[in-house]
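Dropping model.cif in here (mmCIF, C-alpha atoms):
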data_work
#
loop_
_atom_site.label_atom_id
_atom_site.label_comp_id
_atom_site.auth_asym_id
_atom_site.auth_seq_id
_atom_site.Cartn_x
_atom_site.Cartn_y
_atom_site.Cartn_z
CA MET A 1 52.11 35.48 -84.20
CA ARG A 2 55.27 34.42 -85.93
CA LEU A 3 55.57 34.26 -89.64
CA ARG A 4 58.10 31.78 -90.87
CA THR A 5 60.35 33.08 -93.59
CA GLN A 6 59.83 30.27 -96.02
CA SER A 7 58.27 29.95 -99.42
CA ALA A 8 54.73 31.29 -99.77
CA LEU A 9 53.22 27.81 -100.12
CA GLU A 10 54.50 26.73 -96.70
CA ASP A 11 53.42 29.75 -94.62
CA LYS A 12 51.99 28.73 -91.25
CA LEU A 13 50.49 30.91 -88.56
CA GLU A 14 51.25 29.83 -85.04
CA LEU A 15 49.33 31.14 -82.11
CA ASN A 16 51.05 31.27 -78.77
CA MET A 17 48.58 29.77 -76.29
CA THR A 18 50.66 30.31 -73.19
CA PRO A 19 48.98 33.54 -71.98
CA MET A 20 45.55 31.99 -72.41
CA ILE A 21 46.55 29.00 -70.31
CA ASP A 22 47.95 31.35 -67.67
CA VAL A 23 44.66 33.26 -67.49
CA VAL A 24 42.74 29.99 -67.30
CA PHE A 25 44.84 28.91 -64.30
CA GLN A 26 44.28 32.31 -62.69
CA LEU A 27 40.52 31.86 -63.07
CA LEU A 28 40.70 28.37 -61.67
CA THR A 29 42.63 29.58 -58.64
CA PHE A 30 40.07 32.35 -58.09
CA PHE A 31 37.17 29.93 -58.13
CA LEU A 32 39.02 27.48 -55.88
CA PHE A 33 39.52 30.12 -53.20
CA THR A 34 36.03 31.60 -53.41
CA LEU A 35 34.25 28.26 -53.26
CA LYS A 36 32.57 27.85 -49.90
CA THR A 37 30.88 24.64 -48.89
CA SER A 38 28.10 25.16 -46.40
CA GLU A 39 24.98 23.32 -45.47
CA PRO A 40 21.88 24.39 -47.39
CA GLU A 41 19.73 26.97 -45.63
CA GLY A 42 16.03 27.67 -45.69
CA ASN A 43 13.60 30.30 -44.54
CA PHE A 44 10.70 30.74 -42.19
CA GLY A 45 8.73 33.74 -43.32
CA ILE A 46 7.06 35.59 -40.48
CA ARG A 47 5.23 38.85 -40.66
CA MET A 48 5.36 40.70 -37.36
CA PRO A 49 4.11 44.26 -37.34
CA LEU A 50 4.36 46.34 -34.19
CA ALA A 51 1.94 45.19 -31.52
CA SER A 52 -0.05 48.42 -31.59
CA ALA A 53 -0.78 48.00 -35.30
CA ALA A 54 -1.99 44.40 -34.93
CA PRO A 55 -5.74 43.90 -35.36
CA GLN A 56 -7.67 43.19 -32.19
CA PHE A 57 -9.12 39.74 -31.85
CA LYS A 58 -12.89 39.78 -32.24
CA ALA A 59 -13.89 36.64 -30.38
CA ALA A 60 -12.45 34.58 -27.54
CA SER A 61 -12.02 31.65 -29.93
CA GLU A 62 -9.58 33.73 -31.95
CA LEU A 63 -7.27 34.37 -29.01
CA PRO A 64 -3.87 32.89 -29.67
CA LYS A 65 -2.81 29.81 -27.74
CA THR A 66 0.35 30.29 -25.78
CA LEU A 67 3.36 28.03 -26.10
CA ALA A 68 5.52 28.83 -23.10
CA MET A 69 9.08 27.62 -22.68
CA GLN A 70 11.15 27.59 -19.52
CA ALA A 71 14.92 27.74 -19.49
CA ASN A 72 17.68 26.59 -17.19
CA ALA A 73 20.31 29.08 -16.05
CA ASP A 74 22.60 28.12 -18.95
CA GLY A 75 19.87 28.81 -21.51
CA SER A 76 19.01 25.18 -22.28
CA LEU A 77 15.38 24.12 -22.43
CA LYS A 78 13.82 23.07 -19.12
CA ALA A 79 10.16 22.60 -20.01
CA ILE A 80 7.50 23.41 -22.61
CA ILE A 81 3.94 24.23 -21.60
CA PHE A 82 1.21 24.03 -24.23
CA GLN A 83 -2.55 23.63 -23.74
CA ASN A 84 -2.11 23.04 -19.99
CA THR A 85 0.34 20.18 -20.51
CA THR A 86 3.93 20.43 -19.33
CA TYR A 87 6.66 18.63 -21.23
CA ALA A 88 9.73 18.53 -19.00
CA ILE A 89 13.20 18.08 -20.47
CA LYS A 90 15.34 16.02 -18.14
CA THR A 91 18.59 15.71 -20.12
CA SER A 92 20.96 18.66 -20.07
CA ARG A 93 22.53 20.31 -23.08
CA PRO A 94 26.31 19.93 -23.18
CA ALA A 95 28.50 22.98 -23.66
CA ARG A 96 30.13 23.42 -27.07
CA PRO A 97 33.67 22.00 -27.08
CA MET A 98 36.55 24.47 -27.26
CA ARG A 99 38.53 24.76 -30.48
CA ASP A 100 41.45 22.78 -29.05
CA ALA A 101 39.24 20.03 -27.61
CA THR A 102 40.35 16.44 -28.11
CA ASP A 103 38.49 14.01 -30.36
CA THR A 104 37.29 12.14 -27.27
CA ALA A 105 35.77 15.32 -25.88
CA ARG A 106 34.09 16.07 -29.21
CA ASP A 107 32.65 12.56 -29.43
CA ALA A 108 31.30 12.83 -25.88
CA TYR A 109 29.75 16.20 -26.77
CA GLN A 110 28.06 14.76 -29.88
CA ARG A 111 26.65 11.83 -27.92
CA ALA A 112 25.30 14.03 -25.12
CA LEU A 113 23.86 16.48 -27.63
CA ALA A 114 22.16 13.66 -29.55
CA LEU A 115 20.48 12.43 -26.34
CA HIS A 116 19.29 15.92 -25.45
CA ARG A 117 18.05 16.62 -28.97
CA ALA A 118 16.16 13.30 -29.06
CA GLU A 119 14.24 14.28 -25.93
CA VAL A 120 13.53 17.80 -27.19
CA ASN A 121 12.42 16.49 -30.60
CA ALA A 122 10.08 13.99 -28.94
CA ALA A 123 8.48 16.78 -26.89
CA PHE A 124 7.97 19.00 -29.95
CA ASP A 125 6.59 16.05 -31.95
CA ALA A 126 3.99 15.51 -29.24
CA ILE A 127 3.13 19.22 -29.35
CA GLN A 128 2.83 19.06 -33.13
CA ASP A 129 0.35 16.19 -32.83
CA ARG A 130 -1.78 18.37 -30.52
CA VAL A 131 -1.56 21.27 -32.98
CA VAL A 132 -2.70 18.95 -35.80
CA ALA A 133 -5.65 17.81 -33.67
CA TRP A 134 -6.52 21.45 -32.82
CA VAL A 135 -6.26 22.75 -36.37
CA GLY A 136 -8.12 19.77 -37.75
CA LYS A 137 -11.09 20.40 -35.46
CA THR A 138 -12.02 23.94 -36.37
CA GLY A 139 -10.42 24.73 -39.69
CA ALA A 140 -8.48 23.46 -42.64
CA PRO A 141 -4.75 23.09 -42.13
CA GLY A 142 -2.96 26.25 -43.05
CA SER A 143 -5.95 28.49 -42.33
CA THR A 144 -5.28 31.82 -40.69
CA GLU A 145 -7.89 31.60 -37.96
CA HIS A 146 -5.49 29.97 -35.52
CA ALA A 147 -2.61 31.74 -33.89
CA VAL A 148 0.12 30.77 -31.47
CA GLU A 149 2.03 33.11 -29.23
CA PHE A 150 5.50 32.13 -28.00
CA ASP A 151 6.41 33.06 -24.46
CA CYS A 152 10.17 32.56 -24.19
CA PRO A 153 12.56 33.61 -21.44
CA PRO A 154 15.28 35.99 -22.68
CA ASN A 155 18.19 33.64 -21.97
CA LEU A 156 16.71 30.65 -23.86
CA HIS A 157 18.84 29.39 -26.75
CA TYR A 158 17.47 30.50 -30.12
CA ASP A 159 17.39 27.01 -31.66
CA TYR A 160 14.58 25.94 -29.34
CA VAL A 161 12.52 28.82 -30.71
CA ILE A 162 13.17 27.57 -34.26
CA ASP A 163 12.11 24.08 -33.13
CA ALA A 164 8.91 25.53 -31.71
CA ILE A 165 8.17 27.49 -34.88
CA SER A 166 8.86 24.36 -36.97
CA ALA A 167 6.53 22.26 -34.81
CA VAL A 168 3.69 24.75 -35.00
CA THR A 169 3.84 26.15 -38.54
CA GLY A 170 4.00 22.96 -40.56
CA ARG A 171 4.94 19.36 -40.83
CA LEU A 172 6.71 17.28 -43.43
CA SER A 173 4.58 14.83 -45.37
CA PRO A 174 5.46 11.14 -44.78
CA ASP A 175 7.38 10.97 -48.05
CA GLY A 176 9.46 13.95 -46.92
CA GLU A 177 8.74 15.91 -50.08
CA LYS A 178 5.99 18.39 -49.19
CA ILE A 179 5.38 20.65 -46.24
CA GLU A 180 1.82 20.60 -44.91
CA PRO A 181 1.13 24.00 -43.37
CA LEU A 182 -0.46 24.06 -39.92
CA ILE A 183 -0.60 27.50 -38.33
CA GLU A 184 0.37 30.63 -40.20
CA ARG A 185 0.00 33.31 -37.54
CA VAL A 186 2.77 33.14 -34.98
CA ARG A 187 4.13 35.91 -32.84
CA PHE A 188 6.31 36.49 -29.82
CA LYS A 189 4.80 37.68 -26.55
CA PRO A 190 5.67 41.37 -26.18
CA MET B 1 56.20 12.51 -76.94
CA LYS B 2 57.94 13.17 -80.24
CA PHE B 3 61.59 12.53 -80.87
CA LYS B 4 63.28 14.43 -83.66
CA THR B 5 65.12 12.10 -85.99
CA SER B 6 68.40 13.94 -86.12
CA ALA B 7 71.88 13.49 -84.85
CA LYS B 8 71.27 16.01 -82.08
CA LEU B 9 70.00 15.12 -78.56
CA PRO B 10 66.30 14.20 -78.57
CA SER B 11 63.86 16.73 -77.11
CA ALA B 12 60.63 15.72 -75.46
CA GLU B 13 57.46 17.56 -76.35
CA THR B 14 54.32 16.98 -74.35
CA ASP B 15 50.90 17.56 -75.80
CA MET B 16 49.17 19.93 -73.34
CA THR B 17 45.74 19.76 -74.94
CA PRO B 18 44.17 17.23 -72.55
CA MET B 19 45.40 19.18 -69.54
CA ILE B 20 43.87 22.38 -70.86
CA ASP B 21 40.61 20.55 -71.51
CA MET B 22 40.59 19.28 -67.91
CA THR B 23 41.29 22.78 -66.65
CA PHE B 24 38.32 24.15 -68.58
CA GLN B 25 36.16 21.36 -67.17
CA LEU B 26 37.23 22.31 -63.65
CA ILE B 27 36.51 25.99 -64.26
CA THR B 28 33.05 25.18 -65.57
CA PHE B 29 32.38 23.00 -62.53
CA PHE B 30 33.41 25.70 -60.06
CA MET B 31 31.45 28.37 -61.95
CA PHE B 32 28.25 26.40 -61.58
CA VAL B 33 28.89 25.34 -58.00
CA MET B 34 29.83 28.74 -56.62
CA ARG B 35 26.92 30.67 -55.18
CA VAL B 36 27.57 34.39 -55.12
CA GLY B 37 24.67 35.30 -52.85
CA ASP B 38 25.99 33.39 -49.86
CA LEU B 39 29.40 35.03 -49.83
CA GLU B 40 28.19 37.43 -47.12
CA ALA B 41 27.02 34.59 -44.87
CA SER B 42 29.41 34.47 -41.94
CA ASP B 43 31.14 31.27 -40.90
CA LYS B 44 31.04 32.35 -37.27
CA ILE B 45 27.37 31.48 -37.04
CA LYS B 46 26.06 27.95 -36.67
CA LEU B 47 22.40 28.10 -37.65
CA PRO B 48 19.78 26.07 -35.82
CA GLY B 49 18.47 23.15 -37.87
CA SER B 50 14.94 22.48 -39.03
CA GLN B 51 13.47 19.90 -41.33
CA LEU B 52 10.97 22.47 -42.60
CA ALA B 53 13.66 24.84 -43.85
CA LYS B 54 13.48 24.77 -47.64
CA PRO B 55 15.65 27.01 -49.80
CA PRO B 56 13.77 30.10 -50.97
CA GLU B 57 12.58 30.06 -54.54
CA GLY B 58 13.60 33.55 -55.47
CA LYS B 59 15.48 36.43 -53.92
CA PRO B 60 13.28 39.30 -52.76
CA PRO B 61 14.19 42.62 -54.41
CA GLN B 62 14.97 44.38 -51.14
CA MET B 63 16.70 42.43 -48.43
CA LEU B 64 18.52 43.28 -45.26
CA THR B 65 20.63 40.56 -43.67
CA LEU B 66 21.15 40.69 -39.91
CA GLN B 67 23.44 38.11 -38.36
CA MET B 68 23.89 37.43 -34.66
CA THR B 69 26.70 35.44 -33.06
CA ASP B 70 26.34 33.21 -30.03
CA ARG B 71 27.74 36.05 -27.87
CA GLY B 72 24.96 38.42 -28.91
CA GLN B 73 27.01 40.56 -31.29
CA VAL B 74 25.26 41.67 -34.45
CA LEU B 75 27.23 41.35 -37.68
CA TRP B 76 26.61 44.27 -40.03
CA SER B 77 28.48 43.81 -43.33
CA GLY B 78 30.92 41.52 -41.58
CA ASN B 79 31.67 43.93 -38.70
CA GLU B 80 30.63 43.24 -35.13
CA VAL B 81 28.22 45.83 -33.83
CA PRO B 82 26.85 45.88 -30.25
CA LEU B 83 23.11 45.42 -30.08
CA ASP B 84 22.51 48.84 -28.53
CA GLN B 85 24.01 50.56 -31.59
CA LEU B 86 22.06 48.53 -34.14
CA SER B 87 19.17 51.01 -34.29
CA LEU B 88 21.48 53.66 -35.79
CA PHE B 89 22.50 51.34 -38.61
CA VAL B 90 18.94 50.21 -39.31
CA ARG B 91 17.71 53.82 -39.32
CA ARG B 92 20.44 54.75 -41.81
CA PHE B 93 19.47 51.79 -43.99
CA VAL B 94 15.79 52.87 -43.98
CA GLU B 95 16.77 56.43 -44.88
CA GLU B 96 18.87 55.12 -47.78
CA GLU B 97 15.94 53.06 -49.01
CA ARG B 98 13.70 56.13 -48.92
CA PHE B 99 16.35 58.17 -50.73
CA LEU B 100 16.41 55.51 -53.45
CA ARG B 101 12.60 55.86 -53.72
CA ARG B 102 12.01 52.34 -52.43
CA ASP B 103 9.40 51.52 -49.84
CA PRO B 104 11.27 50.36 -46.71
CA ALA B 105 8.21 48.38 -45.57
CA ALA B 106 8.69 46.05 -48.55
CA THR B 107 12.17 45.08 -47.32
CA VAL B 108 12.56 41.52 -46.13
CA VAL B 109 14.80 41.25 -43.09
CA MET B 110 16.73 37.99 -43.06
CA ILE B 111 17.72 36.95 -39.56
CA ARG B 112 20.68 34.56 -39.32
CA ALA B 113 21.25 33.91 -35.65
CA ASP B 114 23.50 31.31 -34.08
CA GLU B 115 21.70 28.41 -32.43
CA LEU B 116 23.12 29.42 -29.04
CA ALA B 117 22.16 33.11 -29.34
CA LYS B 118 19.81 34.31 -26.63
CA THR B 119 16.17 34.57 -27.65
CA GLY B 120 15.91 37.91 -25.84
CA ASP B 121 18.67 39.37 -28.02
CA VAL B 122 16.99 38.11 -31.20
CA GLN B 123 13.66 39.55 -30.04
CA GLU B 124 15.41 42.87 -29.33
CA MET B 125 16.79 42.80 -32.90
CA LEU B 126 13.25 42.20 -34.22
CA LYS B 127 11.88 45.08 -32.14
CA ILE B 128 14.55 47.47 -33.44
CA CYS B 129 13.53 46.59 -36.99
CA GLN B 130 9.82 46.89 -36.18
CA LYS B 131 10.34 50.38 -34.73
CA GLN B 132 11.90 51.47 -38.03
CA GLY B 133 8.91 50.14 -39.97
CA LEU B 134 10.36 46.80 -41.09
CA SER B 135 7.92 43.99 -40.39
CA ASN B 136 8.69 41.22 -42.89
CA PHE B 137 11.12 38.71 -41.42
CA ASN B 138 12.74 35.56 -42.73
CA LEU B 139 14.26 33.44 -40.00
CA ARG B 140 17.04 31.33 -41.46
CA ALA B 141 17.64 27.75 -40.43
CA ALA B 142 19.86 25.01 -41.79
CA GLN B 143 18.15 22.13 -43.56
CA ARG B 144 18.52 19.16 -41.29
CA ALA B 145 16.28 16.20 -41.87
CA ARG B 146 15.36 13.97 -38.96
CA LYS B 147 13.25 10.91 -38.53
CA ARG B 148 10.11 11.25 -36.45
#

As a first step, turn the structure in this file into structure tokens.
Amino acid sequence: MRLRTQSALEDKLELNMTPMIDVVFQLLTFFLFTLKTSEPEGNFGIRMPLASAAPQFKAASELPKTLAMQANADGSLKAIIFQNTTYAIKTSRPARPMRDATDTARDAYQRALALHRAEVNAAFDAIQDRVVAWVGKTGAPGSTEHAVEFDCPPNLHYDYVIDAISAVTGRLSPDGEKIEPLIERVRFKP
Amino acid sequence: MKFKTSAKLPSAETDMTPMIDMTFQLITFFMFVMRVGDLEASDKIKLPGSQLAKPPEGKPPQMLTLQMTDRGQVLWSGNEVPLDQLSLFVRRFVEEERFLRRDPAATVVMIRADELAKTGDVQEMLKICQKQGLSNFNLRAAQRARKR
């Protein structure tokens, strides 16, 4: 604060705003560097107690249906077997491009990946239709009387497991707003 | 810009008020856009996508985040830990929860695994948690819509 040495009627108080502006720029720089843009994430909640603590199934109708997946040597999906039907995956999954890959290589990777994903998605959509038919027969969607057990080879890529869980646990309503639950009890084969 | 009407050389004064207003606007924007909770999410991991993945409505009171890279390394607080040593860390976490008088069984374990991680490694991670009494899992996936 500076007080001007003038007559009493003309006294003015001046506030030096420079430090405040400096702090404001510091804050702005902090937020700029800590901002992280990432795609939105969501959850699948699964409750999996130890196998020995799980309740025994009382009737044969309560036994879980098995969704088995087979993998190629590189971990990509080879086939899905559900309710005695085999869904074979003929396209292969391309390897992730290296960091110094050219744009041409990246484009080729994206195209090959899109083809592979289209085939995998089609197979899981068909499986989801069978799950809807199964759940619709004996219980309301989202009831806990149905269970699915996933039998996955150890080298299978994790995203196929997420696809399988997505296909079996729920489906998006046609307007894309709500999730209709299908099967709540899922577990991995011990 | 104001010019002093005197015989001396003119001096230019700029009014900084609009710039400061813009700066405050920017700060307010970044404050609302920044999400503190996801600062621990590692960039090394590319999550698998799912159209069913919706953001959670609230944060559970007790949460343990386990991240796995495509090479099978577990990330514990940003450090790479081999899978065979993970049980030590999880056991220490459970003991800390008990020391803080919190029930470890109420902890939600959030699994963020890369899409190319091996399913066997993820299952091993789940088993390690189950052996320590943790049985509530949230598997994280990126929201990716697709047409049927």

_the PyMOL selection byres ((chain A) within 6 of (chain B)) applied to the shown file, residues as a PyMOL selection string_ = chain A and resi 28+31+35+40-50+154-159

Show me, as an mmCIF file with C-alpha atoms, keeping the file's coordinate frame, the residues that have an atom within 12 Å of B:Pro61 when counting all atoms listed in the file, minus same-chain residues fewer than 6 positions from it.
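Below is the file that was written, out28.cif:
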data_model
loop_
_atom_site.group_PDB
_atom_site.id
_atom_site.type_symbol
_atom_site.label_atom_id
_atom_site.label_comp_id
_atom_site.auth_asym_id
_atom_site.auth_seq_id
_atom_site.Cartn_x
_atom_site.Cartn_y
_atom_site.Cartn_z
ATOM 1 C CA GLU B 97 15.940 53.060 -49.010
ATOM 2 C CA ARG B 102 12.010 52.340 -52.430
ATOM 3 C CA ASP B 103 9.400 51.520 -49.840
ATOM 4 C CA PRO B 104 11.270 50.360 -46.710
ATOM 5 C CA ALA B 106 8.690 46.050 -48.550
ATOM 6 C CA THR B 107 12.170 45.080 -47.320
ATOM 7 C CA VAL B 108 12.560 41.520 -46.130
ATOM 8 C CA VAL B 109 14.800 41.250 -43.090
#

Around all the atoms of stretch 105-116 of chain B listed in the file, with 6 Å of room on each side, what axis-aligned box do you get, giving centre and edge lengths in Å to one decimal, as lines of an AutoDock Vina configuration file?
center_x = 15.9
center_y = 38.4
center_z = -38.8
size_x = 27.3
size_y = 32.0
size_z = 31.5

*Atomic separation - atom CA of A:Ser92 relative to atom CA of A:Ser76, Å*: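 Separation between atom CA of A:Ser76 and atom CA of A:Ser92: 7.2 Å.
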
_Using Å and a single decimal, report how far atom CA of A:Asp74 sits from atom CA of A:Ala95._
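So the answer is 9.1 Å.
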
*Can you pull out every residue within 10 Å of A:Lys65, counting all atoms listed in the file, but drop anything in the same chain fewer than 4 positions away, and send it as JSON, numbers by chain?*
{"A": [61, 82, 83, 146, 147, 148, 149, 150, 186]}

Please dump the current selection as a short mmCIF file (atom, residue, chain, number, x, y, z; two decimals), in the coordinates of the input; keep C-alpha atoms.
data_model
loop_
_atom_site.label_atom_id
_atom_site.label_comp_id
_atom_site.auth_asym_id
_atom_site.auth_seq_id
_atom_site.Cartn_x
_atom_site.Cartn_y
_atom_site.Cartn_z
CA SER A 61 -12.02 31.65 -29.93
CA PHE A 82 1.21 24.03 -24.23
CA GLN A 83 -2.55 23.63 -23.74
CA HIS A 146 -5.49 29.97 -35.52
CA ALA A 147 -2.61 31.74 -33.89
CA VAL A 148 0.12 30.77 -31.47
CA GLU A 149 2.03 33.11 -29.23
CA PHE A 150 5.50 32.13 -28.00
CA VAL A 186 2.77 33.14 -34.98
#

*If you apply the PyMOL selection byres ((chain A and resi 77) around 12) to this file, what residues do you get, as a ChimeraX atom specification?*
/A:68-76,78-81,87-94,116-117,119-121,123-124,152-161,163-164 /B:116,118-119

*Which is closer to B:Met22 than all the others in A:Ala108, A:Phe25, A:Arg187, A:Leu63, using only C-alpha atoms?*
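Of the candidates, the smallest distance to B:Met22 is held by A:Phe25.
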
_Just the number, please: distance in Å from atom CA of A:Arg106 to atom CA of A:Glu39, one decimal._
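These atoms are spaced 20.0 Å apart.
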